[in-house]
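K.L.:
So that you have it, the file is final-v5.pdb, and it contains PDB, C-alpha atoms:
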ATOM      1  CA  MET A 178      26.761 -81.627 -25.637
ATOM      2  CA  ALA A 179      24.494 -84.660 -25.448
ATOM      3  CA  ILE A 180      22.480 -85.625 -22.404
ATOM      4  CA  SER A 181      22.970 -89.210 -21.286
ATOM      5  CA  ARG A 182      20.395 -91.766 -20.202
ATOM      6  CA  ASP A 183      21.820 -91.534 -16.660
ATOM      7  CA  GLU A 184      21.282 -87.758 -16.633
ATOM      8  CA  VAL A 185      17.672 -88.196 -17.744
ATOM      9  CA  LEU A 186      17.162 -90.755 -14.975
ATOM     10  CA  HIS A 187      18.778 -88.387 -12.453
ATOM     11  CA  VAL A 188      16.463 -85.511 -13.429
ATOM     12  CA  ALA A 189      13.474 -87.860 -13.357
ATOM     13  CA  ARG A 190      14.470 -89.020  -9.876
ATOM     14  CA  LEU A 191      14.771 -85.396  -8.683
ATOM     15  CA  ALA A 192      11.306 -84.683 -10.091
ATOM     16  CA  ARG A 193      10.010 -87.905  -8.525
ATOM     17  CA  LEU A 194       8.992 -89.262 -11.934
ATOM     18  CA  ASP A 195       8.821 -92.952 -12.722
ATOM     19  CA  LEU A 196       9.607 -93.128 -16.443
ATOM     20  CA  SER A 197       9.242 -96.106 -18.740
ATOM     21  CA  ASP A 198      12.127 -97.066 -21.057
ATOM     22  CA  GLU A 199      10.178 -95.542 -23.952
ATOM     23  CA  GLU A 200       9.748 -92.248 -22.078
ATOM     24  CA  ILE A 201      13.426 -92.159 -21.140
ATOM     25  CA  GLU A 202      14.377 -92.583 -24.793
ATOM     26  CA  ARG A 203      11.859 -89.956 -25.956
ATOM     27  CA  PHE A 204      12.937 -87.430 -23.307
ATOM     28  CA  SER A 205      16.604 -88.025 -24.120
ATOM     29  CA  GLU A 206      15.935 -87.162 -27.760
ATOM     30  CA  GLN A 207      13.826 -84.120 -26.870
ATOM     31  CA  LEU A 208      16.329 -82.780 -24.334
ATOM     32  CA  ASN A 209      19.186 -83.267 -26.800
ATOM     33  CA  ALA A 210      17.212 -81.327 -29.437
ATOM     34  CA  ILE A 211      16.688 -78.501 -26.934
ATOM     35  CA  LEU A 212      20.387 -78.441 -26.017
ATOM     36  CA  ASP A 213      21.323 -78.360 -29.719
ATOM     37  CA  ALA A 214      18.967 -75.427 -30.344
ATOM     38  CA  VAL A 215      20.280 -73.490 -27.352
ATOM     39  CA  GLY A 216      23.846 -74.305 -28.359
ATOM     40  CA  LYS A 217      23.350 -72.449 -31.647
ATOM     41  CA  VAL A 218      23.275 -69.193 -29.680
ATOM     42  CA  SER A 219      26.951 -69.654 -28.845
ATOM     43  CA  GLU A 220      27.707 -69.539 -32.576
ATOM     44  CA  LEU A 221      26.420 -65.951 -32.823
ATOM     45  CA  ASP A 222      28.626 -62.877 -32.504
ATOM     46  CA  LEU A 223      26.924 -61.034 -29.661
ATOM     47  CA  SER A 224      29.826 -58.762 -28.725
ATOM     48  CA  ASP A 225      27.873 -55.632 -29.785
ATOM     49  CA  VAL A 226      24.630 -56.657 -28.054
ATOM     50  CA  GLU A 227      23.821 -55.036 -24.714
ATOM     51  CA  PRO A 228      22.741 -57.500 -22.012
ATOM     52  CA  THR A 229      19.034 -57.162 -21.271
ATOM     53  CA  ALA A 230      16.535 -58.759 -18.946
ATOM     54  CA  HIS A 231      13.777 -58.563 -21.570
ATOM     55  CA  PRO A 232      13.809 -57.823 -25.296
ATOM     56  CA  LEU A 233      11.044 -55.210 -25.007
ATOM     57  CA  ASP A 234      10.860 -52.047 -22.944
ATOM     58  CA  LEU A 235       8.250 -52.871 -20.341
ATOM     59  CA  VAL A 236       6.436 -50.396 -18.158
ATOM     60  CA  ASN A 237       4.370 -51.520 -15.210
ATOM     61  CA  VAL A 238       0.853 -50.192 -15.219
ATOM     62  CA  TRP A 239      -0.474 -49.990 -11.722
ATOM     63  CA  ALA A 240      -3.836 -48.746 -10.571
ATOM     64  CA  GLU A 241      -3.731 -45.885  -8.124
ATOM     65  CA  ASP A 242      -4.052 -46.900  -4.499
ATOM     66  CA  GLU A 243      -7.460 -45.937  -3.254
ATOM     67  CA  SER A 244      -8.521 -46.139   0.332
ATOM     68  CA  ARG A 245     -11.841 -47.908   0.783
ATOM     69  CA  PRO A 246     -13.640 -49.517   3.688
ATOM     70  CA  SER A 247     -12.672 -53.099   4.475
ATOM     71  CA  LEU A 248     -14.870 -55.896   5.774
ATOM     72  CA  SER A 249     -16.107 -55.683   9.312
ATOM     73  CA  VAL A 250     -14.898 -58.378  11.723
ATOM     74  CA  GLU A 251     -18.339 -59.988  11.585
ATOM     75  CA  GLU A 252     -18.322 -60.105   7.765
ATOM     76  CA  ALA A 253     -14.769 -61.451   7.629
ATOM     77  CA  LEU A 254     -15.494 -64.219  10.149
ATOM     78  CA  ALA A 255     -19.029 -65.002   8.956
ATOM     79  CA  ASN A 256     -18.041 -68.380   7.425
ATOM     80  CA  ALA A 257     -15.293 -69.288   9.885
ATOM     81  CA  PRO A 258     -15.894 -72.759  11.291
ATOM     82  CA  ASP A 259     -14.409 -71.689  14.627
ATOM     83  CA  ARG A 260     -13.392 -68.333  16.026
ATOM     84  CA  GLU A 261     -12.055 -66.832  19.182
ATOM     85  CA  GLY A 262     -13.260 -63.285  19.564
ATOM     86  CA  ALA A 263     -12.141 -61.354  16.495
ATOM     87  CA  LEU A 264      -9.733 -64.085  15.340
ATOM     88  CA  PHE A 265      -9.916 -67.282  13.305
ATOM     89  CA  ARG A 266      -9.363 -70.323  15.515
ATOM     90  CA  VAL A 267      -7.331 -73.078  13.863
ATOM     91  CA  PRO A 268      -6.240 -76.493  15.096
ATOM     92  CA  ALA A 269      -2.868 -76.598  16.849
ATOM     93  CA  GLY A 270       0.061 -78.102  14.965
TER      94      GLY A 270
END
Would you mind writing the file's structure down as structure tokens?
P.N.:
Amino acid sequence: MAISRDEVLHVARLARLDLSDEEIERFSEQLNAILDAVGKVSELDLSDVEPTAHPLDLVNVWAEDESRPSLSVEEALANAPDREGALFRVPAG
């Protein structure tokens, strides 16, 4: 499945890219090479392969939650350009 010049221009337009003719040609070749490489996967017999989200068994390592004192209101608002009591004051709209 080859990607056409029009498809490259469409993707560029979606990404708000202004591509030169040289870039369009180069990206067409690169995208076609990527599609060819990905297409090779369909040639494999994967009927015995279990679907996975990741090839490795991953385990999240989280630090234990520890309660500790937070900043005081004065410390948190020390560099605020404007405040209203214990709150940051921001411009409307």
K.L.:
Go ahead and compute the interatomic distance for CA of Ala179 in chain A and CA of Leu212 in chain A, in Å to one decimal.
P.N.:
7.5 Å
K.L.:
Could you tell me which of A:Ile180, A:Ala263, A:Leu221, A:Leu186 comes closest to Glu200 in chain A if we count only C-alpha atoms?
P.N.:
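The shortest atom-to-atom distance to Glu200 in chain A comes from A:Leu186.
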K.L.:
Find the residues around Leu208 in chain A up to 12 Å (all atoms listed in the file counted), leave out those fewer than 3 positions away in its own chain, and share them as a PDB file with C-alpha atoms, keeping the file's coordinate frame.
P.N.:
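Generated output (out.pdb):
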ATOM      1  CA  MET A 178      26.761 -81.627 -25.637  1.00  0.00           C
ATOM      2  CA  ALA A 179      24.494 -84.660 -25.448  1.00  0.00           C
ATOM      3  CA  ILE A 180      22.480 -85.625 -22.404  1.00  0.00           C
ATOM      4  CA  SER A 181      22.970 -89.210 -21.286  1.00  0.00           C
ATOM      5  CA  ARG A 182      20.395 -91.766 -20.202  1.00  0.00           C
ATOM      6  CA  GLU A 184      21.282 -87.758 -16.633  1.00  0.00           C
ATOM      7  CA  VAL A 185      17.672 -88.196 -17.744  1.00  0.00           C
ATOM      8  CA  VAL A 188      16.463 -85.511 -13.429  1.00  0.00           C
ATOM      9  CA  GLU A 200       9.748 -92.248 -22.078  1.00  0.00           C
ATOM     10  CA  ILE A 201      13.426 -92.159 -21.140  1.00  0.00           C
ATOM     11  CA  GLU A 202      14.377 -92.583 -24.793  1.00  0.00           C
ATOM     12  CA  ARG A 203      11.859 -89.956 -25.956  1.00  0.00           C
ATOM     13  CA  PHE A 204      12.937 -87.430 -23.307  1.00  0.00           C
ATOM     14  CA  SER A 205      16.604 -88.025 -24.120  1.00  0.00           C
ATOM     15  CA  ILE A 211      16.688 -78.501 -26.934  1.00  0.00           C
ATOM     16  CA  LEU A 212      20.387 -78.441 -26.017  1.00  0.00           C
ATOM     17  CA  ASP A 213      21.323 -78.360 -29.719  1.00  0.00           C
ATOM     18  CA  ALA A 214      18.967 -75.427 -30.344  1.00  0.00           C
ATOM     19  CA  VAL A 215      20.280 -73.490 -27.352  1.00  0.00           C
TER      20      VAL A 215
END
K.L.:
Would you list the contacts of Pro258 in chain A as number ranges by chain, taking every protein, DNA or RNA residue within 9 Å and counting only C-alpha atoms, but skipping same-chain residues closer than 6 positions in sequence?
P.N.:
A: 265-267
